[in-house]
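protein_34.txt, holding compact mmCIF, C-alpha atoms:
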```
# COMPACT_ATOMS: atom_id res chain seq x y z
CA MET A 693 105.59 125.93 -111.89
CA GLU A 694 107.30 123.11 -113.76
CA THR A 695 105.06 120.25 -112.71
CA VAL A 696 101.32 119.78 -112.60
CA GLU A 697 99.70 117.44 -110.11
CA LYS A 698 98.48 114.41 -112.03
CA LYS A 699 94.80 113.67 -111.65
CA SER A 700 92.71 110.75 -112.75
CA PHE A 701 90.38 110.95 -115.74
CA TRP A 702 87.43 111.07 -113.33
CA GLN A 703 88.91 113.99 -111.36
CA ASN A 704 89.55 115.94 -114.56
CA TYR A 705 86.21 115.26 -116.21
CA ARG A 706 83.91 114.62 -113.25
CA PHE A 707 81.72 117.70 -113.65
CA PRO A 708 81.32 117.56 -117.46
CA ILE A 709 80.54 113.83 -117.22
CA ILE A 710 77.92 114.35 -114.49
CA LEU A 711 76.43 117.27 -116.41
CA LEU A 712 76.20 115.34 -119.67
CA LEU A 713 74.74 112.35 -117.80
CA GLY A 714 72.09 114.67 -116.36
CA ILE A 715 71.27 115.96 -119.84
CA ALA A 716 71.24 112.40 -121.24
CA VAL A 717 68.90 111.17 -118.48
CA GLY A 718 66.66 114.18 -119.03
CA SER A 719 66.60 113.54 -122.79
CA ILE A 720 65.64 109.88 -122.24
CA ILE A 721 62.86 110.93 -119.86
CA GLY A 722 61.64 113.39 -122.48
CA LEU A 723 61.60 110.70 -125.18
CA VAL A 724 59.70 108.28 -122.91
CA MET A 725 57.18 110.74 -121.42
CA GLY A 726 56.65 112.87 -124.52
CA GLU A 727 54.76 116.11 -123.98
CA LYS A 728 54.02 115.14 -120.37
CA ALA A 729 57.70 115.87 -119.58
CA VAL A 730 56.88 119.58 -119.64
CA ILE A 731 56.22 119.24 -115.89
CA PHE A 732 60.01 119.29 -115.39
CA LYS A 733 60.49 122.66 -117.09
CA PRO A 734 60.25 124.80 -113.90
CA PHE A 735 63.24 122.95 -112.41
CA GLY A 736 65.27 123.92 -115.46
CA GLN A 737 64.00 127.49 -115.38
CA ILE A 738 65.30 127.87 -111.83
CA PHE A 739 68.84 127.15 -113.00
CA ILE A 740 68.57 129.55 -115.94
CA ASN A 741 67.21 132.34 -113.71
CA LEU A 742 69.99 131.86 -111.15
CA MET A 743 72.66 132.11 -113.84
CA PHE A 744 71.10 135.19 -115.43
CA THR A 745 70.88 136.86 -112.01
CA ALA A 746 74.57 136.33 -111.23
CA VAL A 747 76.00 137.12 -114.65
CA VAL A 748 75.93 140.95 -114.63
CA PRO A 749 77.85 141.64 -111.39
CA MET A 750 80.21 138.76 -112.09
CA VAL A 751 81.20 140.06 -115.52
CA PHE A 752 81.83 143.55 -114.15
CA VAL A 753 84.03 142.56 -111.21
CA THR A 754 86.03 139.86 -113.01
CA ILE A 755 86.93 141.99 -116.02
CA SER A 756 87.58 145.22 -114.12
CA SER A 757 89.67 143.26 -111.61
CA ALA A 758 91.81 141.61 -114.31
CA VAL A 759 92.45 144.88 -116.15
CA GLY A 760 92.79 146.97 -113.00
CA SER A 761 95.62 144.92 -111.53
CA MET A 762 97.79 144.16 -114.56
CA LEU A 763 99.49 147.46 -115.49
CA ASN A 764 102.57 147.21 -113.31
CA MET A 765 105.64 146.22 -115.37
CA LYS A 766 108.31 147.70 -117.67
CA ARG A 767 107.63 147.68 -121.39
CA LEU A 768 104.05 146.91 -120.51
CA GLY A 769 102.53 149.49 -122.84
CA LYS A 770 104.17 147.96 -125.91
CA ILE A 771 103.66 144.41 -124.72
CA LEU A 772 99.97 144.95 -123.95
CA GLY A 773 99.35 146.79 -127.22
CA SER A 774 100.98 143.97 -129.18
CA MET A 775 99.17 141.36 -127.10
CA PHE A 776 95.69 142.76 -127.69
CA LEU A 777 96.46 143.18 -131.39
CA VAL A 778 97.50 139.52 -131.62
CA PHE A 779 94.48 138.39 -129.59
CA PHE A 780 92.13 140.31 -131.86
CA VAL A 781 93.69 139.28 -135.18
CA THR A 782 93.94 135.56 -134.34
CA GLY A 783 90.39 135.60 -132.97
CA LEU A 784 89.20 137.31 -136.13
CA ILE A 785 90.93 134.70 -138.30
CA ALA A 786 89.39 131.85 -136.28
CA SER A 787 85.95 133.48 -136.57
CA CYS A 788 86.27 133.88 -140.34
CA VAL A 789 87.36 130.24 -140.71
CA ILE A 790 84.39 128.81 -138.83
CA PHE A 791 81.98 131.30 -140.41
CA THR A 792 83.01 129.99 -143.83
CA VAL A 793 82.60 126.38 -142.69
CA VAL A 794 79.13 126.81 -141.15
CA THR A 795 78.00 128.76 -144.21
CA ILE A 796 78.92 125.77 -146.40
CA PHE A 797 77.80 123.13 -143.86
CA PRO A 798 74.97 124.63 -141.70
CA PRO A 799 75.06 122.67 -138.41
CA ALA A 800 71.31 122.81 -137.76
CA ALA A 801 69.97 122.63 -141.31
CA GLY A 802 66.50 121.13 -141.34
CA ALA A 803 66.13 121.18 -137.54
CA ASN A 804 63.50 123.89 -137.21
CA ILE A 805 62.27 124.00 -133.61
CA PRO A 806 59.09 126.13 -133.24
CA LEU A 807 60.11 128.06 -130.13
CA GLU A 808 59.51 131.79 -129.84
CA ALA A 809 61.48 133.38 -132.69
CA ALA A 810 64.29 135.85 -132.22
CA GLY A 811 63.21 139.45 -132.41
CA GLU A 812 64.57 142.42 -134.27
CA LEU A 813 68.10 141.50 -135.31
CA GLN A 814 67.36 141.03 -138.99
CA LYS A 815 65.49 144.35 -139.15
CA LEU A 816 68.40 146.45 -137.90
CA SER A 817 70.94 148.13 -140.13
CA LEU A 818 74.63 147.40 -139.59
CA ALA A 819 75.13 150.82 -137.96
CA ASP A 820 72.22 150.24 -135.57
CA GLN A 821 73.55 146.79 -134.70
CA VAL A 822 76.98 148.19 -133.84
CA VAL A 823 75.56 151.01 -131.71
CA LYS A 824 73.19 148.72 -129.84
CA ALA A 825 75.87 146.06 -129.46
CA ILE A 826 78.50 148.24 -127.74
CA THR A 827 76.62 151.07 -125.99
CA VAL A 828 73.55 151.91 -123.92
CA ASP A 829 71.94 155.33 -123.42
CA ASP A 830 71.77 155.16 -119.62
CA PHE A 831 73.99 153.74 -116.85
CA VAL A 832 71.05 151.73 -115.55
CA GLY A 833 71.05 149.88 -118.88
CA LEU A 834 74.44 148.36 -118.00
CA MET A 835 72.79 146.51 -115.13
CA SER A 836 70.70 144.41 -117.51
CA LYS A 837 71.71 141.01 -118.84
CA ALA A 838 70.37 142.19 -122.20
CA ASN A 839 73.36 144.54 -122.57
CA MET A 840 76.34 142.31 -121.90
CA LEU A 841 78.71 143.67 -124.54
CA PRO A 842 78.37 147.30 -123.38
CA LEU A 843 78.99 146.03 -119.86
CA ILE A 844 82.19 144.28 -120.99
CA ILE A 845 83.47 147.44 -122.67
CA PHE A 846 82.57 149.59 -119.64
CA SER A 847 84.28 147.09 -117.32
CA ILE A 848 87.50 147.22 -119.37
CA MET A 849 87.48 151.03 -119.28
CA PHE A 850 86.74 151.06 -115.56
CA GLY A 851 89.52 148.56 -114.88
CA PHE A 852 91.99 150.63 -116.88
CA CYS A 853 91.12 153.70 -114.80
CA VAL A 854 91.54 151.69 -111.61
CA SER A 855 95.00 150.64 -112.72
CA THR A 856 96.10 154.20 -113.60
CA VAL A 857 95.01 155.90 -110.37
CA GLY A 858 95.61 153.17 -107.80
CA GLY A 859 99.40 153.23 -107.49
CA GLU A 860 101.47 150.28 -106.28
CA ASP A 861 99.21 149.48 -103.34
CA ASN A 862 95.97 149.45 -105.33
CA LYS A 863 93.25 148.83 -102.75
CA ILE A 864 90.45 149.12 -105.32
CA ALA A 865 92.05 146.47 -107.52
CA LYS A 866 92.49 144.20 -104.50
CA GLY A 867 88.86 144.74 -103.54
CA LEU A 868 87.70 143.91 -107.05
CA ASP A 869 89.87 140.79 -107.03
CA ALA A 870 88.25 139.68 -103.77
CA LEU A 871 84.78 140.33 -105.20
CA SER A 872 85.74 138.40 -108.32
CA LYS A 873 86.57 135.36 -106.21
CA VAL A 874 83.27 135.70 -104.36
CA PHE A 875 81.27 135.71 -107.58
CA MET A 876 83.24 132.81 -109.04
CA LYS A 877 82.39 130.90 -105.86
CA LEU A 878 78.73 131.85 -106.31
CA ILE A 879 78.78 130.59 -109.90
CA GLY A 880 80.40 127.38 -108.64
CA ILE A 881 77.57 126.88 -106.15
CA ILE A 882 74.90 127.53 -108.77
CA MET A 883 76.63 125.07 -111.11
CA LEU A 884 76.15 122.30 -108.54
CA TYR A 885 72.49 122.44 -109.54
CA ALA A 886 73.29 122.41 -113.27
CA PRO A 887 73.00 118.62 -113.86
CA ILE A 888 69.50 118.65 -112.35
CA GLY A 889 68.47 121.96 -113.91
CA LEU A 890 69.66 121.23 -117.45
CA GLY A 891 68.51 117.61 -117.20
CA ALA A 892 65.00 118.77 -116.27
CA TYR A 893 65.00 121.36 -119.01
CA PHE A 894 66.03 118.83 -121.65
CA ALA A 895 63.37 116.41 -120.46
CA SER A 896 60.85 119.13 -121.27
CA LEU A 897 62.56 120.19 -124.51
CA ILE A 898 62.93 116.68 -125.95
CA GLY A 899 59.45 115.81 -124.77
CA GLU A 900 58.07 118.67 -126.88
CA PHE A 901 60.30 118.49 -129.94
CA GLY A 902 61.51 114.89 -130.08
CA PRO A 903 64.83 113.46 -131.31
CA GLN A 904 65.20 116.06 -134.09
CA LEU A 905 67.29 118.25 -131.78
CA LEU A 906 69.62 115.38 -130.81
CA GLY A 907 70.46 114.74 -134.47
CA ALA A 908 71.36 118.40 -134.91
CA TYR A 909 73.90 118.11 -132.05
CA ALA A 910 75.65 115.19 -133.73
CA LYS A 911 75.97 117.20 -136.93
CA ALA A 912 77.39 120.20 -135.05
CA MET A 913 80.06 118.02 -133.41
CA ALA A 914 80.97 116.46 -136.76
CA ILE A 915 81.72 119.96 -138.02
CA TYR A 916 83.49 121.38 -134.97
CA TYR A 917 86.01 118.68 -134.00
CA PRO A 918 87.76 118.45 -137.41
CA VAL A 919 87.86 122.26 -137.69
CA CYS A 920 89.56 122.53 -134.28
CA PHE A 921 92.31 120.05 -135.09
CA LEU A 922 92.89 121.51 -138.56
CA TYR A 923 93.14 125.00 -137.03
CA PHE A 924 95.62 123.70 -134.45
CA PHE A 925 97.99 122.26 -137.05
CA ILE A 926 97.54 124.68 -139.94
CA ALA A 927 96.92 128.08 -138.30
CA PHE A 928 99.42 127.56 -135.49
CA ALA A 929 102.02 126.46 -138.03
CA ALA A 930 101.47 129.68 -139.98
CA TYR A 931 101.55 131.84 -136.81
CA SER A 932 104.74 130.27 -135.49
CA TYR A 933 106.43 130.56 -138.89
CA PHE A 934 105.51 134.26 -139.05
CA ALA A 935 106.80 134.74 -135.50
CA GLY A 936 110.19 133.08 -135.96
CA GLY A 937 110.57 131.49 -139.38
CA LYS A 938 111.58 127.83 -139.65
CA GLU A 939 113.20 127.95 -136.20
CA GLY A 940 110.03 129.40 -134.69
CA PHE A 941 107.93 126.67 -136.30
CA LYS A 942 110.33 124.00 -135.07
CA ARG A 943 110.41 125.32 -131.50
CA CYS A 944 106.65 125.71 -131.40
CA PHE A 945 105.74 122.17 -132.43
CA SER A 946 108.55 120.56 -130.45
CA ASN A 947 107.16 122.10 -127.25
CA ILE A 948 103.44 122.65 -127.79
CA MET A 949 102.21 119.07 -127.30
CA PRO A 950 102.48 118.93 -123.46
CA PRO A 951 100.18 121.96 -122.99
CA ALA A 952 97.90 120.69 -125.78
CA ILE A 953 97.48 117.30 -124.10
CA THR A 954 97.08 118.88 -120.65
CA ALA A 955 94.41 121.29 -121.90
CA PHE A 956 92.48 118.55 -123.72
CA ALA A 957 92.63 116.26 -120.68
CA THR A 958 91.75 118.84 -118.00
CA GLY A 959 89.41 121.09 -119.96
CA SER A 960 91.00 124.07 -118.19
CA SER A 961 93.22 126.88 -119.51
CA ILE A 962 94.14 127.79 -115.93
CA ALA A 963 95.25 124.25 -115.10
CA THR A 964 97.38 124.30 -118.26
CA LEU A 965 99.07 127.61 -117.38
CA PRO A 966 102.15 126.15 -115.58
CA VAL A 967 102.81 123.80 -118.52
CA ASN A 968 102.26 126.65 -120.95
CA LEU A 969 104.74 128.92 -119.15
CA ASN A 970 107.38 126.23 -119.26
CA ALA A 971 106.70 125.51 -122.95
CA ALA A 972 106.85 129.21 -123.89
CA GLY A 973 110.19 129.51 -122.09
CA ARG A 974 111.57 126.62 -124.12
CA MET A 975 110.27 128.31 -127.25
CA GLY A 976 112.49 131.27 -126.39
CA VAL A 977 109.79 133.75 -125.35
CA PRO A 978 111.29 136.31 -122.89
CA LYS A 979 110.25 135.91 -119.27
CA ASP A 980 108.42 139.24 -118.92
CA ILE A 981 106.42 138.67 -122.12
CA ARG A 982 105.35 135.12 -121.32
CA GLU A 983 104.43 136.03 -117.73
CA ILE A 984 102.13 138.79 -118.99
CA VAL A 985 100.66 137.22 -122.12
CA LEU A 986 99.99 133.69 -120.82
CA PRO A 987 98.09 134.50 -117.58
CA ILE A 988 95.97 137.15 -119.33
CA GLY A 989 95.54 134.90 -122.34
CA ALA A 990 94.22 132.11 -120.12
CA THR A 991 91.02 134.11 -119.65
CA MET A 992 91.04 136.62 -122.52
CA HIS A 993 92.50 134.88 -125.61
CA MET A 994 90.28 132.12 -126.90
CA ASP A 995 90.57 131.10 -130.53
CA GLY A 996 88.74 127.86 -129.73
CA THR A 997 85.94 129.89 -128.17
CA CYS A 998 85.76 132.07 -131.28
CA LEU A 999 85.34 128.90 -133.32
CA SER A 1000 82.62 127.56 -131.04
CA SER A 1001 80.81 130.92 -130.71
CA ILE A 1002 80.16 131.18 -134.45
CA LEU A 1003 79.09 127.52 -134.45
CA LYS A 1004 76.61 128.23 -131.63
CA ILE A 1005 75.22 131.34 -133.31
CA SER A 1006 74.79 129.50 -136.60
CA PHE A 1007 73.19 126.58 -134.74
CA LEU A 1008 70.62 128.86 -133.08
CA PHE A 1009 69.82 130.57 -136.37
CA GLY A 1010 69.14 127.13 -137.87
CA ILE A 1011 67.06 125.96 -134.91
CA PHE A 1012 64.91 129.09 -135.08
CA GLY A 1013 64.58 128.94 -138.85
CA GLN A 1014 66.57 132.11 -139.65
CA ASP A 1015 69.11 132.65 -142.41
CA PHE A 1016 72.67 133.02 -141.12
CA THR A 1017 73.71 135.35 -143.93
CA GLY A 1018 74.46 139.01 -144.60
CA VAL A 1019 77.23 141.48 -143.78
CA GLY A 1020 75.46 142.73 -140.65
CA THR A 1021 75.03 139.22 -139.28
CA PHE A 1022 78.66 138.36 -140.07
CA CYS A 1023 80.06 141.52 -138.41
CA THR A 1024 77.92 141.11 -135.30
CA ALA A 1025 78.79 137.42 -134.97
CA VAL A 1026 82.52 138.09 -135.30
CA LEU A 1027 82.30 140.95 -132.77
CA ILE A 1028 80.59 138.64 -130.29
CA SER A 1029 83.03 135.78 -130.84
CA VAL A 1030 86.16 137.95 -130.49
CA LEU A 1031 85.09 140.22 -127.63
CA GLY A 1032 83.00 137.51 -125.97
CA GLY A 1033 86.21 135.62 -125.18
CA VAL A 1034 87.00 138.29 -122.58
CA VAL A 1035 84.34 136.93 -120.23
CA MET A 1036 85.25 133.27 -120.53
CA SER A 1037 86.54 131.82 -117.30
CA GLY A 1038 89.46 129.40 -117.13
CA VAL A 1039 87.56 126.65 -115.34
CA PRO A 1040 86.43 123.36 -116.89
CA GLY A 1041 83.12 123.70 -118.69
CA GLY A 1042 83.50 127.46 -118.94
CA GLY A 1043 81.72 129.58 -121.54
CA LEU A 1044 78.21 129.79 -120.07
CA ILE A 1045 78.54 133.56 -119.79
CA GLY A 1046 79.44 133.85 -123.46
CA GLU A 1047 76.42 131.72 -124.33
CA MET A 1048 74.20 134.10 -122.37
CA LEU A 1049 75.79 136.94 -124.33
CA ILE A 1050 74.83 135.26 -127.60
CA VAL A 1051 71.24 134.62 -126.50
CA ASN A 1052 70.70 138.15 -125.18
CA LEU A 1053 72.36 140.14 -127.95
CA TYR A 1054 70.46 138.34 -130.69
CA GLY A 1055 67.18 138.52 -128.82
CA PHE A 1056 66.62 134.77 -128.62
CA PRO A 1057 64.25 133.60 -125.86
CA PRO A 1058 65.70 132.13 -122.62
CA GLU A 1059 64.89 128.64 -123.94
CA ALA A 1060 67.78 129.04 -126.37
CA PHE A 1061 70.35 129.14 -123.55
CA PRO A 1062 70.34 125.45 -122.52
CA ILE A 1063 70.34 124.45 -126.21
CA ILE A 1064 73.70 126.10 -126.92
CA ALA A 1065 75.00 125.52 -123.38
CA THR A 1066 74.95 121.82 -124.21
CA ILE A 1067 77.04 122.47 -127.32
CA GLY A 1068 79.47 124.35 -125.09
CA PHE A 1069 80.06 121.28 -122.94
CA LEU A 1070 80.30 118.94 -125.92
CA VAL A 1071 83.00 121.05 -127.62
CA ASP A 1072 84.89 121.96 -124.44
CA PRO A 1073 87.93 119.61 -124.76
CA PRO A 1074 89.11 120.64 -128.27
CA ALA A 1075 88.09 124.26 -127.66
CA THR A 1076 90.22 124.41 -124.51
CA MET A 1077 93.11 122.79 -126.34
CA VAL A 1078 93.04 125.52 -129.01
CA ASN A 1079 92.47 128.23 -126.39
CA ALA A 1080 95.41 127.24 -124.18
CA THR A 1081 97.98 126.36 -126.82
CA GLY A 1082 96.99 129.47 -128.74
CA ASP A 1083 98.34 131.49 -125.79
CA SER A 1084 101.84 130.05 -126.28
CA VAL A 1085 101.73 130.78 -129.99
CA ALA A 1086 100.40 134.28 -129.24
CA SER A 1087 103.35 134.91 -126.90
CA MET A 1088 105.68 134.13 -129.82
CA LEU A 1089 103.83 136.60 -132.04
CA VAL A 1090 103.95 139.28 -129.34
CA THR A 1091 107.69 138.73 -128.97
CA ARG A 1092 108.11 139.18 -132.73
CA LEU A 1093 106.27 142.53 -132.52
CA VAL A 1094 108.12 143.73 -129.41
CA GLU A 1095 111.64 142.39 -130.05
CA GLY A 1096 111.76 142.31 -133.85
CA LYS A 1097 111.97 139.47 -136.35
CA ASN A 1098 115.39 138.29 -135.07
CA TRP A 1099 114.18 137.81 -131.50
CA LEU A 1100 115.15 134.13 -131.44
CA LYS A 1101 118.79 135.09 -131.90
CA LYS A 1102 118.72 137.47 -128.92
CA ASP A 1103 119.53 136.35 -125.41
CA ASN A 1104 118.88 132.68 -126.18
CA ASN A 1105 121.01 131.50 -123.33
CA GLU A 1106 119.28 133.81 -120.87
CA ASN A 1107 115.83 132.68 -121.96
CA GLN A 1108 116.76 129.02 -121.64
CA GLU A 1109 118.13 129.65 -118.16
CA ASP A 1110 114.87 131.37 -117.20
CA SER A 1111 112.78 128.43 -118.41
CA ALA A 1112 114.95 125.94 -116.55
CA ALA A 1113 114.98 127.98 -113.32
```
Go ahead and render the structure in this file as structure tokens.
Amino acid sequence: METVEKKSFWQNYRFPIILLLGIAVGSIIGLVMGEKAVIFKPFGQIFINLMFTAVVPMVFVTISSAVGSMLNMKRLGKILGSMFLVFFVTGLIASCVIFTVVTIFPPAAGANIPLEAAGELQKLSLADQVVKAITVDDFVGLMSKANMLPLIIFSIMFGFCVSTVGGEDNKIAKGLDALSKVFMKLIGIIMLYAPIGLGAYFASLIGEFGPQLLGAYAKAMAIYYPVCFLYFFIAFAAYSYFAGGKEGFKRCFSNIMPPAITAFATGSSIATLPVNLNAAGRMGVPKDIREIVLPIGATMHMDGTCLSSILKISFLFGIFGQDFTGVGTFCTAVLISVLGGVVMSGVPGGGLIGEMLIVNLYGFPPEAFPIIATIGFLVDPPATMVNATGDSVASMLVTRLVEGKNWLKKDNNENQEDSAA
């Protein structure tokens, strides 16, 4: 796990490039044809419908599989408790940072697109929002794409029960893992149509609403990229210092660049995992902690996704002419950004499921999905960099909580031997 097969720029970025080219071609067609480009909308709607159809079973099997097969090691209770605490707190901090930024610099200010407006969110009290966000009143309700967050919570609980009753040879967990691979393959097949589907949809969208939307994208990117890099250097410096003092800070930033570069270049937390494991070992993180935190973190700990989720929510509020203000809106947005990271896959261009979650929970029409899906692809490189490197920093924080503040002085030689093995 020490080396990663080197790939060309085209191999690493082939799909995002093709997808963005499809969107660009569709946008040009929309500008040229004007309102006549609406004839392409059905081709885009096919892609959206396919994704919405696959999302519910995929979320259930992937989350329940991940949770159901991971409770199998010593010290795991304390490690997992510390890990989820770190994941939540760092995600909360990232969400608060970007919420403050988009409140000061709204990414879609002045870009009011007269699509069907979002429904009842602003009319609900905070208590009603929380109840509706995390629960449904009937099992059948979990089978709807409109109730993604309750499905996530149910899947975690189900996976935990699978792990506690399955024993060492957990056939249910293995079955869920196999189903998870099947659904990821299905998503992969559907995504082959994405360049055509999203390109057709944008031809229709730009044909109706003109270049106003394209200008809003440029503004959103001008906000997101600087925030990502500032978070990387400032927040990670603070986290590593808290984890291990000056020595922790030094070890972090002397080893974090290889995974950062790999993540930015590949757009994949999973592809970065071998580099991350090696870097965490050199940072002094014990073998059992890094081998639990990093693989789980690759799909469940996403500070970069928290940053982008708030950006996307704020962007949609601006596009639909709504005010992104209020305690209820803030709490719901943070809940989505932190818990929504659970369903993000580790493949390049991931995050479409989280974008569906945003659209459904806020009651935006399906037309909102391709709008923020495009933001997802535009922000993917820096978001993945923060996601992946944040796992290494999180493993340091978990070690501090499990081993104590003097963990760097314990078993240094053993840890270095593990990382070199």
- Point out the residue among A:Ile864, A:Val854, A:Ile1002, A:Met1088 with the least atom-to-atom distance to Glu1047 of chain A, counting all atoms listed in the file.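 Ranked by minimum distance to Glu1047 of chain A, first place goes to A:Ile1002.
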- Hey, what's within 10 Å of segment 823-835 of chain A if we count all atoms listed in the file and toss same-chain stuff fewer than 4 positions away? As a list of chain:residue names, please? A:Val747, A:Val748, A:Pro749, A:Phe752, A:Leu816, A:Leu818, A:Ala819, A:Asn839, A:Met840, A:Leu841, A:Pro842, A:Leu843, A:Ile844, A:Ile845, A:Phe846, A:Ser847, A:Thr1024, A:Leu1027, A:Ile1028, A:Leu1053, A:Tyr1054
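Distances from A:Met1048, A:Ala910, A:Ala716, A:Leu999 to Val1078 of chain A were compared using only C-alpha atoms, and the smallest one belongs to A:Leu999.
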May I have a table of the residues of segment 898-962 of chain A lying at most 12 Å from segment 992-997 of chain A, giving each one's closest pair of atoms and their distance in Å to one decimal, counting all atoms listed in the file, ordered by chain and ascending residue number, as JSON lines?
```
{"residue": "A:Tyr916", "atom": "CA", "partner": "A:Gly996", "partner_atom": "CA", "distance": 9.8}
{"residue": "A:Tyr917", "atom": "CA", "partner": "A:Gly996", "partner_atom": "CA", "distance": 10.5}
{"residue": "A:Val919", "atom": "CA", "partner": "A:Gly996", "partner_atom": "CA", "distance": 9.8}
{"residue": "A:Cys920", "atom": "CA", "partner": "A:Gly996", "partner_atom": "CA", "distance": 7.1}
{"residue": "A:Phe921", "atom": "CA", "partner": "A:Gly996", "partner_atom": "CA", "distance": 10.1}
{"residue": "A:Leu922", "atom": "CA", "partner": "A:Gly996", "partner_atom": "CA", "distance": 11.6}
{"residue": "A:Tyr923", "atom": "CA", "partner": "A:Gly996", "partner_atom": "CA", "distance": 9.0}
{"residue": "A:Phe924", "atom": "CA", "partner": "A:Gly996", "partner_atom": "CA", "distance": 9.3}
{"residue": "A:Ala927", "atom": "CA", "partner": "A:Asp995", "partner_atom": "CA", "distance": 10.5}
{"residue": "A:Phe928", "atom": "CA", "partner": "A:Asp995", "partner_atom": "CA", "distance": 10.7}
{"residue": "A:Ala955", "atom": "CA", "partner": "A:Gly996", "partner_atom": "CA", "distance": 11.7}
{"residue": "A:Phe956", "atom": "CA", "partner": "A:Gly996", "partner_atom": "CA", "distance": 11.7}
{"residue": "A:Gly959", "atom": "CA", "partner": "A:Gly996", "partner_atom": "CA", "distance": 11.9}
{"residue": "A:Ser960", "atom": "CA", "partner": "A:Met994", "partner_atom": "CA", "distance": 11.9}
{"residue": "A:Ser961", "atom": "CA", "partner": "A:Met994", "partner_atom": "CA", "distance": 9.5}
{"residue": "A:Ile962", "atom": "CA", "partner": "A:Met992", "partner_atom": "CA", "distance": 11.4}
```
- Query: At what distance in Å, to one decimal, does atom CA of Pro1062 of chain A lie from atom CA of Met725 of chain A?
  - Reply: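 One can read the atom CA of Met725 of chain A to atom CA of Pro1062 of chain A distance as 19.8 Å.
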- Item | Residue nearest Asn1098 of chain A among A:Ala935, A:Ile953, A:Leu777, A:Leu1008 (counting all atoms listed in the file) |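 The answer is A:Ala935, which sits nearest to Asn1098 of chain A.
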- Check the smallest atom-to-atom distance from each of A:Trp702, A:Pro798, A:Ser836, A:Ile731 to Gly1013 of chain A using only C-alpha atoms, then report the winner.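 Counting only C-alpha atoms, the residue closest to Gly1013 of chain A is A:Pro798.
Atom CA of Phe791 of chain A sits 9.5 Å away from atom CA of Phe1016 of chain A.
The coordinates place atom CA of Ala929 of chain A at 27.5 Å from atom CA of Ile1067 of chain A.
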- Message: Here is a test: counting all atoms listed in the file, which residue of A:Ser872, A:Ser774, A:Thr782, A:Thr1091 is nearest to Ala746 of chain A?
- Response: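 For Ala746 of chain A, the nearest of the candidates is A:Ser872.
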- Message: Residues proximal to (84.3, 140.6, -111.4) were defined as those with any atom within 9 Å of that point in the file's coordinates, counting all atoms listed in the file. Which are they, as a list in words?
- Response: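 Here the neighbourhood of the point contains Val748, Pro749, Met750, Val751, Phe752, Val753, Thr754, Ile755, Ser756, Ser757, Ala758, Ser847, Leu868, Asp869, Ala870, Leu871, Ser872, Lys873, Val874, Phe875 and Met876 of chain A.
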Write a file of the selected residues as a PDB file, in the coordinates of the input, keeping C-alpha atoms.
```
ATOM      1  CA  VAL A 748      75.930 140.950-114.630  1.00  0.00           C
ATOM      2  CA  PRO A 749      77.850 141.640-111.390  1.00  0.00           C
ATOM      3  CA  MET A 750      80.210 138.760-112.090  1.00  0.00           C
ATOM      4  CA  VAL A 751      81.200 140.060-115.520  1.00  0.00           C
ATOM      5  CA  PHE A 752      81.830 143.550-114.150  1.00  0.00           C
ATOM      6  CA  VAL A 753      84.030 142.560-111.210  1.00  0.00           C
ATOM      7  CA  THR A 754      86.030 139.860-113.010  1.00  0.00           C
ATOM      8  CA  ILE A 755      86.930 141.990-116.020  1.00  0.00           C
ATOM      9  CA  SER A 756      87.580 145.220-114.120  1.00  0.00           C
ATOM     10  CA  SER A 757      89.670 143.260-111.610  1.00  0.00           C
ATOM     11  CA  ALA A 758      91.810 141.610-114.310  1.00  0.00           C
ATOM     12  CA  SER A 847      84.280 147.090-117.320  1.00  0.00           C
ATOM     13  CA  LEU A 868      87.700 143.910-107.050  1.00  0.00           C
ATOM     14  CA  ASP A 869      89.870 140.790-107.030  1.00  0.00           C
ATOM     15  CA  ALA A 870      88.250 139.680-103.770  1.00  0.00           C
ATOM     16  CA  LEU A 871      84.780 140.330-105.200  1.00  0.00           C
ATOM     17  CA  SER A 872      85.740 138.400-108.320  1.00  0.00           C
ATOM     18  CA  LYS A 873      86.570 135.360-106.210  1.00  0.00           C
ATOM     19  CA  VAL A 874      83.270 135.700-104.360  1.00  0.00           C
ATOM     20  CA  PHE A 875      81.270 135.710-107.580  1.00  0.00           C
ATOM     21  CA  MET A 876      83.240 132.810-109.040  1.00  0.00           C
TER      22      MET A 876
END
```
- Message: Ranking A:Ile1050, A:Ala930, A:Ala952, A:Ile720 by minimum distance to Ala892 of chain A and counting all atoms listed in the file, which one comes first?
- Response: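 The shortest atom-to-atom distance to Ala892 of chain A comes from A:Ile720.
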What's the 8 Å shell around Ser761 of chain A, counting all atoms listed in the file, without same-chain residues fewer than 5 positions away, as a short mmCIF file (atom, residue, chain, number, x, y, z; two decimals) with C-alpha atoms, in the frame of the given file?
```cif
data_model
loop_
_atom_site.label_atom_id
_atom_site.label_comp_id
_atom_site.auth_asym_id
_atom_site.auth_seq_id
_atom_site.Cartn_x
_atom_site.Cartn_y
_atom_site.Cartn_z
CA GLY A 851 89.52 148.56 -114.88
CA VAL A 854 91.54 151.69 -111.61
CA SER A 855 95.00 150.64 -112.72
CA ASN A 862 95.97 149.45 -105.33
CA ALA A 865 92.05 146.47 -107.52
CA LYS A 866 92.49 144.20 -104.50
#
```
- Hey, what's within 9 Å of Ser787 of chain A if we count only C-alpha atoms and toss same-chain stuff fewer than 6 positions away? As an MDAnalysis selection string, please? chainID A and resid 995 998:1002 1025:1026 1029:1030
- Message: Show me, as a list in words, the residues that have an atom within 8 Å of Glu983 of chain A when counting only C-alpha atoms, minus same-chain residues fewer than 4 positions from it.
- Response: Leu969, Lys979 and Pro987 of chain A
